[in-house]
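S.K.: My file is run.cif. It has mmCIF, N, CA and C atoms and all ligand atoms:
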```
data_input
#
loop_
_atom_site.label_atom_id
_atom_site.label_comp_id
_atom_site.auth_asym_id
_atom_site.auth_seq_id
_atom_site.Cartn_x
_atom_site.Cartn_y
_atom_site.Cartn_z
N MET S 1 60.26 151.49 178.24
CA MET S 1 60.80 150.92 179.47
C MET S 1 60.52 149.42 179.49
N THR S 2 61.53 148.66 179.79
CA THR S 2 61.38 147.21 179.82
C THR S 2 61.91 146.70 181.15
N LEU S 3 61.19 145.80 181.70
CA LEU S 3 61.63 145.21 182.97
C LEU S 3 62.67 144.12 182.70
N VAL S 4 63.69 144.11 183.50
CA VAL S 4 64.67 143.04 183.40
C VAL S 4 64.57 142.11 184.60
N ARG S 5 63.90 142.59 185.63
CA ARG S 5 63.70 141.76 186.81
C ARG S 5 62.25 141.92 187.28
N PRO S 6 61.73 140.95 188.01
CA PRO S 6 60.39 141.13 188.57
C PRO S 6 60.34 142.30 189.52
N HIS S 7 59.22 143.01 189.50
CA HIS S 7 58.99 144.11 190.44
C HIS S 7 57.63 143.92 191.08
N ASP S 8 57.49 144.45 192.28
CA ASP S 8 56.19 144.40 192.95
C ASP S 8 55.40 145.65 192.62
N CYS S 9 54.13 145.48 192.35
CA CYS S 9 53.23 146.61 192.21
C CYS S 9 53.22 147.38 193.53
N VAL S 10 53.40 148.71 193.46
CA VAL S 10 53.48 149.48 194.70
C VAL S 10 52.13 149.57 195.40
N ARG S 11 51.06 149.31 194.68
CA ARG S 11 49.72 149.50 195.26
C ARG S 11 49.19 148.20 195.87
N CYS S 12 49.24 147.11 195.13
CA CYS S 12 48.66 145.87 195.64
C CYS S 12 49.70 144.80 195.92
N GLY S 13 50.93 145.03 195.48
CA GLY S 13 52.00 144.11 195.84
C GLY S 13 52.15 142.91 194.93
N VAL S 14 51.32 142.83 193.90
CA VAL S 14 51.44 141.69 192.99
C VAL S 14 52.78 141.78 192.25
N THR S 15 53.37 140.67 191.96
CA THR S 15 54.66 140.67 191.28
C THR S 15 54.45 140.79 189.77
N ILE S 16 55.13 141.77 189.20
CA ILE S 16 55.08 142.00 187.76
C ILE S 16 56.33 141.35 187.16
N GLN S 17 56.12 140.39 186.28
CA GLN S 17 57.24 139.67 185.68
C GLN S 17 57.71 140.39 184.42
N PRO S 18 58.99 140.28 184.10
CA PRO S 18 59.46 140.84 182.83
C PRO S 18 58.64 140.28 181.67
N GLY S 19 58.25 141.16 180.77
CA GLY S 19 57.45 140.73 179.63
C GLY S 19 55.97 140.91 179.84
N GLU S 20 55.54 141.07 181.10
CA GLU S 20 54.13 141.34 181.36
C GLU S 20 53.85 142.83 181.24
N GLU S 21 52.58 143.14 181.02
CA GLU S 21 52.20 144.54 180.95
C GLU S 21 52.24 145.16 182.34
N PHE S 22 52.54 146.43 182.36
CA PHE S 22 52.57 147.14 183.64
C PHE S 22 52.40 148.62 183.35
N GLY S 23 52.17 149.37 184.43
CA GLY S 23 52.13 150.82 184.31
C GLY S 23 53.28 151.41 185.09
N ALA S 24 53.80 152.53 184.60
CA ALA S 24 54.85 153.25 185.31
C ALA S 24 54.36 154.66 185.59
N VAL S 25 54.60 155.12 186.80
CA VAL S 25 54.12 156.43 187.21
C VAL S 25 55.29 157.22 187.79
N ASP S 26 55.43 158.45 187.32
CA ASP S 26 56.43 159.33 187.90
C ASP S 26 55.84 160.01 189.12
N VAL S 27 56.55 159.94 190.22
CA VAL S 27 56.08 160.48 191.49
C VAL S 27 57.13 161.48 191.98
N LEU S 28 56.64 162.57 192.55
CA LEU S 28 57.55 163.51 193.18
C LEU S 28 57.52 163.30 194.69
N ASP S 29 58.65 163.08 195.27
CA ASP S 29 58.71 163.05 196.72
C ASP S 29 59.80 164.03 197.14
N PRO S 30 59.98 164.26 198.44
CA PRO S 30 60.92 165.31 198.86
C PRO S 30 62.35 165.08 198.36
N ASP S 31 62.68 163.86 198.04
CA ASP S 31 64.03 163.59 197.56
C ASP S 31 64.15 163.70 196.05
N GLY S 32 63.04 163.96 195.37
CA GLY S 32 63.12 164.13 193.93
C GLY S 32 62.23 163.15 193.19
N ASP S 33 62.57 162.95 191.95
CA ASP S 33 61.76 162.07 191.11
C ASP S 33 61.89 160.63 191.54
N LEU S 34 60.79 159.95 191.39
CA LEU S 34 60.74 158.54 191.74
C LEU S 34 59.81 157.91 190.72
N GLU S 35 60.20 156.79 190.19
CA GLU S 35 59.30 156.10 189.27
C GLU S 35 58.84 154.82 189.94
N VAL S 36 57.55 154.65 189.97
CA VAL S 36 56.99 153.46 190.59
C VAL S 36 56.25 152.65 189.55
N LEU S 37 56.14 151.38 189.81
CA LEU S 37 55.50 150.46 188.89
C LEU S 37 54.18 149.97 189.45
N LEU S 38 53.22 149.88 188.56
CA LEU S 38 51.90 149.40 188.93
C LEU S 38 51.51 148.26 187.99
N CYS S 39 50.74 147.32 188.53
CA CYS S 39 50.18 146.29 187.66
C CYS S 39 49.08 146.94 186.81
N PRO S 40 48.68 146.31 185.71
CA PRO S 40 47.66 146.93 184.83
C PRO S 40 46.37 147.28 185.57
N ASP S 41 45.94 146.44 186.51
CA ASP S 41 44.71 146.74 187.24
C ASP S 41 44.84 148.03 188.04
N CYS S 42 45.96 148.19 188.73
CA CYS S 42 46.15 149.38 189.54
C CYS S 42 46.39 150.60 188.66
N ALA S 43 47.06 150.41 187.53
CA ALA S 43 47.26 151.52 186.60
C ALA S 43 45.91 152.03 186.10
N ALA S 44 45.00 151.10 185.81
CA ALA S 44 43.67 151.49 185.34
C ALA S 44 42.91 152.20 186.45
N ALA S 45 43.04 151.72 187.68
CA ALA S 45 42.36 152.34 188.80
C ALA S 45 42.91 153.75 189.03
N LEU S 46 44.21 153.90 188.92
CA LEU S 46 44.82 155.22 189.10
C LEU S 46 44.38 156.17 188.00
N ARG S 47 44.28 155.65 186.78
CA ARG S 47 43.84 156.50 185.67
C ARG S 47 42.42 157.00 185.92
N ARG S 48 41.57 156.13 186.40
CA ARG S 48 40.21 156.55 186.70
C ARG S 48 40.21 157.61 187.79
N PHE S 49 41.06 157.41 188.79
CA PHE S 49 41.15 158.36 189.90
C PHE S 49 41.63 159.73 189.38
N LEU S 50 42.66 159.73 188.57
CA LEU S 50 43.21 160.98 188.07
C LEU S 50 42.26 161.68 187.12
N ASP S 51 41.48 160.90 186.41
CA ASP S 51 40.51 161.49 185.50
C ASP S 51 39.32 162.07 186.25
N GLY S 52 39.21 161.76 187.52
CA GLY S 52 38.11 162.29 188.31
C GLY S 52 36.80 161.59 188.04
N GLY S 53 36.87 160.47 187.37
CA GLY S 53 35.65 159.73 187.08
C GLY S 53 35.14 159.00 188.30
N SER S 54 33.98 158.41 188.14
CA SER S 54 33.40 157.70 189.27
C SER S 54 33.50 156.20 189.02
ZN ZN S 101 48.55 146.38 191.55
#
```
Could you take the file, read its structure, and then write that structure out as structure tokens?

M.R.:
Amino acid sequence: MTLVRPHDCVRCGVTIQPGEEFGAVDVLDPDGDLEVLLCPDCAAALRRFLDGGS
């Protein structure tokens, strides 16, 4: 997946520019699949959360 336009991180709101690293997360909501983008910091935080680590 490659960004063609800047996107905001859904968690902290920082702008992710094309060419920068980012995380993508598939989310299920009542309307179906949704893919959201996270900055690397938030992606790392989410990974720690999902891993159940402290
Ligand atoms: Zn973020």

S.K.: Give the strand (DSSP E) residues of chain S, as DSSP finds them on the backbone, and put them as a CSV table (one decimal) with N, CA and C atoms, in the frame of the given file.

M.R.:
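File written: part_3.csv
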```csv
chain,number,residue,atom,x,y,z
S,7,HIS,N,59.2,143.0,189.5
S,7,HIS,CA,59.0,144.1,190.4
S,7,HIS,C,57.6,143.9,191.1
S,8,ASP,N,57.5,144.4,192.3
S,8,ASP,CA,56.2,144.4,193.0
S,8,ASP,C,55.4,145.6,192.6
S,15,THR,N,53.4,140.7,192.0
S,15,THR,CA,54.7,140.7,191.3
S,15,THR,C,54.4,140.8,189.8
S,16,ILE,N,55.1,141.8,189.2
S,16,ILE,CA,55.1,142.0,187.8
S,16,ILE,C,56.3,141.4,187.2
S,23,GLY,N,52.2,149.4,184.4
S,23,GLY,CA,52.1,150.8,184.3
S,23,GLY,C,53.3,151.4,185.1
S,24,ALA,N,53.8,152.5,184.6
S,24,ALA,CA,54.8,153.2,185.3
S,24,ALA,C,54.4,154.7,185.6
S,25,VAL,N,54.6,155.1,186.8
S,25,VAL,CA,54.1,156.4,187.2
S,25,VAL,C,55.3,157.2,187.8
S,26,ASP,N,55.4,158.4,187.3
S,26,ASP,CA,56.4,159.3,187.9
S,26,ASP,C,55.8,160.0,189.1
S,27,VAL,N,56.6,159.9,190.2
S,27,VAL,CA,56.1,160.5,191.5
S,27,VAL,C,57.1,161.5,192.0
S,28,LEU,N,56.6,162.6,192.6
S,28,LEU,CA,57.6,163.5,193.2
S,28,LEU,C,57.5,163.3,194.7
S,29,ASP,N,58.6,163.1,195.3
S,29,ASP,CA,58.7,163.0,196.7
S,29,ASP,C,59.8,164.0,197.1
S,32,GLY,N,63.0,164.0,195.4
S,32,GLY,CA,63.1,164.1,193.9
S,32,GLY,C,62.2,163.2,193.2
S,33,ASP,N,62.6,163.0,192.0
S,33,ASP,CA,61.8,162.1,191.1
S,33,ASP,C,61.9,160.6,191.5
S,34,LEU,N,60.8,160.0,191.4
S,34,LEU,CA,60.7,158.5,191.7
S,34,LEU,C,59.8,157.9,190.7
S,35,GLU,N,60.2,156.8,190.2
S,35,GLU,CA,59.3,156.1,189.3
S,35,GLU,C,58.8,154.8,189.9
S,36,VAL,N,57.6,154.6,190.0
S,36,VAL,CA,57.0,153.5,190.6
S,36,VAL,C,56.2,152.6,189.6
S,37,LEU,N,56.1,151.4,189.8
S,37,LEU,CA,55.5,150.5,188.9
S,37,LEU,C,54.2,150.0,189.4
S,38,LEU,N,53.2,149.9,188.6
S,38,LEU,CA,51.9,149.4,188.9
S,38,LEU,C,51.5,148.3,188.0
```

S.K.: Can you work out which residues are within 6.5 Å of ligand ZN 101 (chain S), considering all atoms listed in the file, and then hand them over as a list of chain:residue names?

M.R.: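 Result of the 6.5 Å neighbour search around ligand ZN 101 (chain S): S:Cys9, S:Val10, S:Arg11, S:Cys12, S:Gly13, S:Val14, S:Leu38, S:Cys39, S:Pro40, S:Asp41, S:Cys42, S:Ala43.
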
S.K.: Excluding same-chain residues fewer than 4 positions from region 16-29 of chain S, what lies within 7 Å of it counting only N, CA and C atoms, as a PyMOL selection string?

M.R.: chain S and resi 2-9+33-40+43

S.K.: For those residues, write N, CA and C atoms to a file as a PDB file, in the coordinates of the input.

M.R.:
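result_25.pdb, freshly written:
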```pdb
ATOM      1  N   THR S   2      61.530 148.660 179.790  1.00  0.00           N
ATOM      2  CA  THR S   2      61.380 147.210 179.820  1.00  0.00           C
ATOM      3  C   THR S   2      61.910 146.700 181.150  1.00  0.00           C
ATOM      4  N   LEU S   3      61.190 145.800 181.700  1.00  0.00           N
ATOM      5  CA  LEU S   3      61.630 145.210 182.970  1.00  0.00           C
ATOM      6  C   LEU S   3      62.670 144.120 182.700  1.00  0.00           C
ATOM      7  N   VAL S   4      63.690 144.110 183.500  1.00  0.00           N
ATOM      8  CA  VAL S   4      64.670 143.040 183.400  1.00  0.00           C
ATOM      9  C   VAL S   4      64.570 142.110 184.600  1.00  0.00           C
ATOM     10  N   ARG S   5      63.900 142.590 185.630  1.00  0.00           N
ATOM     11  CA  ARG S   5      63.700 141.760 186.810  1.00  0.00           C
ATOM     12  C   ARG S   5      62.250 141.920 187.280  1.00  0.00           C
ATOM     13  N   PRO S   6      61.730 140.950 188.010  1.00  0.00           N
ATOM     14  CA  PRO S   6      60.390 141.130 188.570  1.00  0.00           C
ATOM     15  C   PRO S   6      60.340 142.300 189.520  1.00  0.00           C
ATOM     16  N   HIS S   7      59.220 143.010 189.500  1.00  0.00           N
ATOM     17  CA  HIS S   7      58.990 144.110 190.440  1.00  0.00           C
ATOM     18  C   HIS S   7      57.630 143.920 191.080  1.00  0.00           C
ATOM     19  N   ASP S   8      57.490 144.450 192.280  1.00  0.00           N
ATOM     20  CA  ASP S   8      56.190 144.400 192.950  1.00  0.00           C
ATOM     21  C   ASP S   8      55.400 145.650 192.620  1.00  0.00           C
ATOM     22  N   CYS S   9      54.130 145.480 192.350  1.00  0.00           N
ATOM     23  CA  CYS S   9      53.230 146.610 192.210  1.00  0.00           C
ATOM     24  C   CYS S   9      53.220 147.380 193.530  1.00  0.00           C
ATOM     25  N   ASP S  33      62.570 162.950 191.950  1.00  0.00           N
ATOM     26  CA  ASP S  33      61.760 162.070 191.110  1.00  0.00           C
ATOM     27  C   ASP S  33      61.890 160.630 191.540  1.00  0.00           C
ATOM     28  N   LEU S  34      60.790 159.950 191.390  1.00  0.00           N
ATOM     29  CA  LEU S  34      60.740 158.540 191.740  1.00  0.00           C
ATOM     30  C   LEU S  34      59.810 157.910 190.720  1.00  0.00           C
ATOM     31  N   GLU S  35      60.200 156.790 190.190  1.00  0.00           N
ATOM     32  CA  GLU S  35      59.300 156.100 189.270  1.00  0.00           C
ATOM     33  C   GLU S  35      58.840 154.820 189.940  1.00  0.00           C
ATOM     34  N   VAL S  36      57.550 154.650 189.970  1.00  0.00           N
ATOM     35  CA  VAL S  36      56.990 153.460 190.590  1.00  0.00           C
ATOM     36  C   VAL S  36      56.250 152.650 189.550  1.00  0.00           C
ATOM     37  N   LEU S  37      56.140 151.380 189.810  1.00  0.00           N
ATOM     38  CA  LEU S  37      55.500 150.460 188.890  1.00  0.00           C
ATOM     39  C   LEU S  37      54.180 149.970 189.450  1.00  0.00           C
ATOM     40  N   LEU S  38      53.220 149.880 188.560  1.00  0.00           N
ATOM     41  CA  LEU S  38      51.900 149.400 188.930  1.00  0.00           C
ATOM     42  C   LEU S  38      51.510 148.260 187.990  1.00  0.00           C
ATOM     43  N   CYS S  39      50.740 147.320 188.530  1.00  0.00           N
ATOM     44  CA  CYS S  39      50.180 146.290 187.660  1.00  0.00           C
ATOM     45  C   CYS S  39      49.080 146.940 186.810  1.00  0.00           C
ATOM     46  N   PRO S  40      48.680 146.310 185.710  1.00  0.00           N
ATOM     47  CA  PRO S  40      47.660 146.930 184.830  1.00  0.00           C
ATOM     48  C   PRO S  40      46.370 147.280 185.570  1.00  0.00           C
ATOM     49  N   ALA S  43      47.060 150.410 187.530  1.00  0.00           N
ATOM     50  CA  ALA S  43      47.260 151.520 186.600  1.00  0.00           C
ATOM     51  C   ALA S  43      45.910 152.030 186.100  1.00  0.00           C
TER      52      ALA S  43
END
```

S.K.: Quick one: distance from atom C of Leu46 (chain S) to atom N of Asp31 (chain S) in Å, one decimal?

M.R.: 22.2 Å

S.K.: Using DSSP secondary structure from the backbone, list all helix (DSSP H, G or I) positions within chain S, as a list in words.

M.R.: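 Of chain S, the ones in helix (DSSP H, G or I) are Pro40, Asp41, Cys42, Ala43, Ala44, Ala45, Leu46, Arg47, Arg48, Phe49, Leu50 and Asp51 of chain S.
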
S.K.: Which value, in Å to one decimal, gives the distance between atom C of Met1 (chain S) and atom C of Gly52 (chain S)?

M.R.: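 Between atom C of Met1 (chain S) and atom C of Gly52 (chain S) the gap works out to 28.0 Å.
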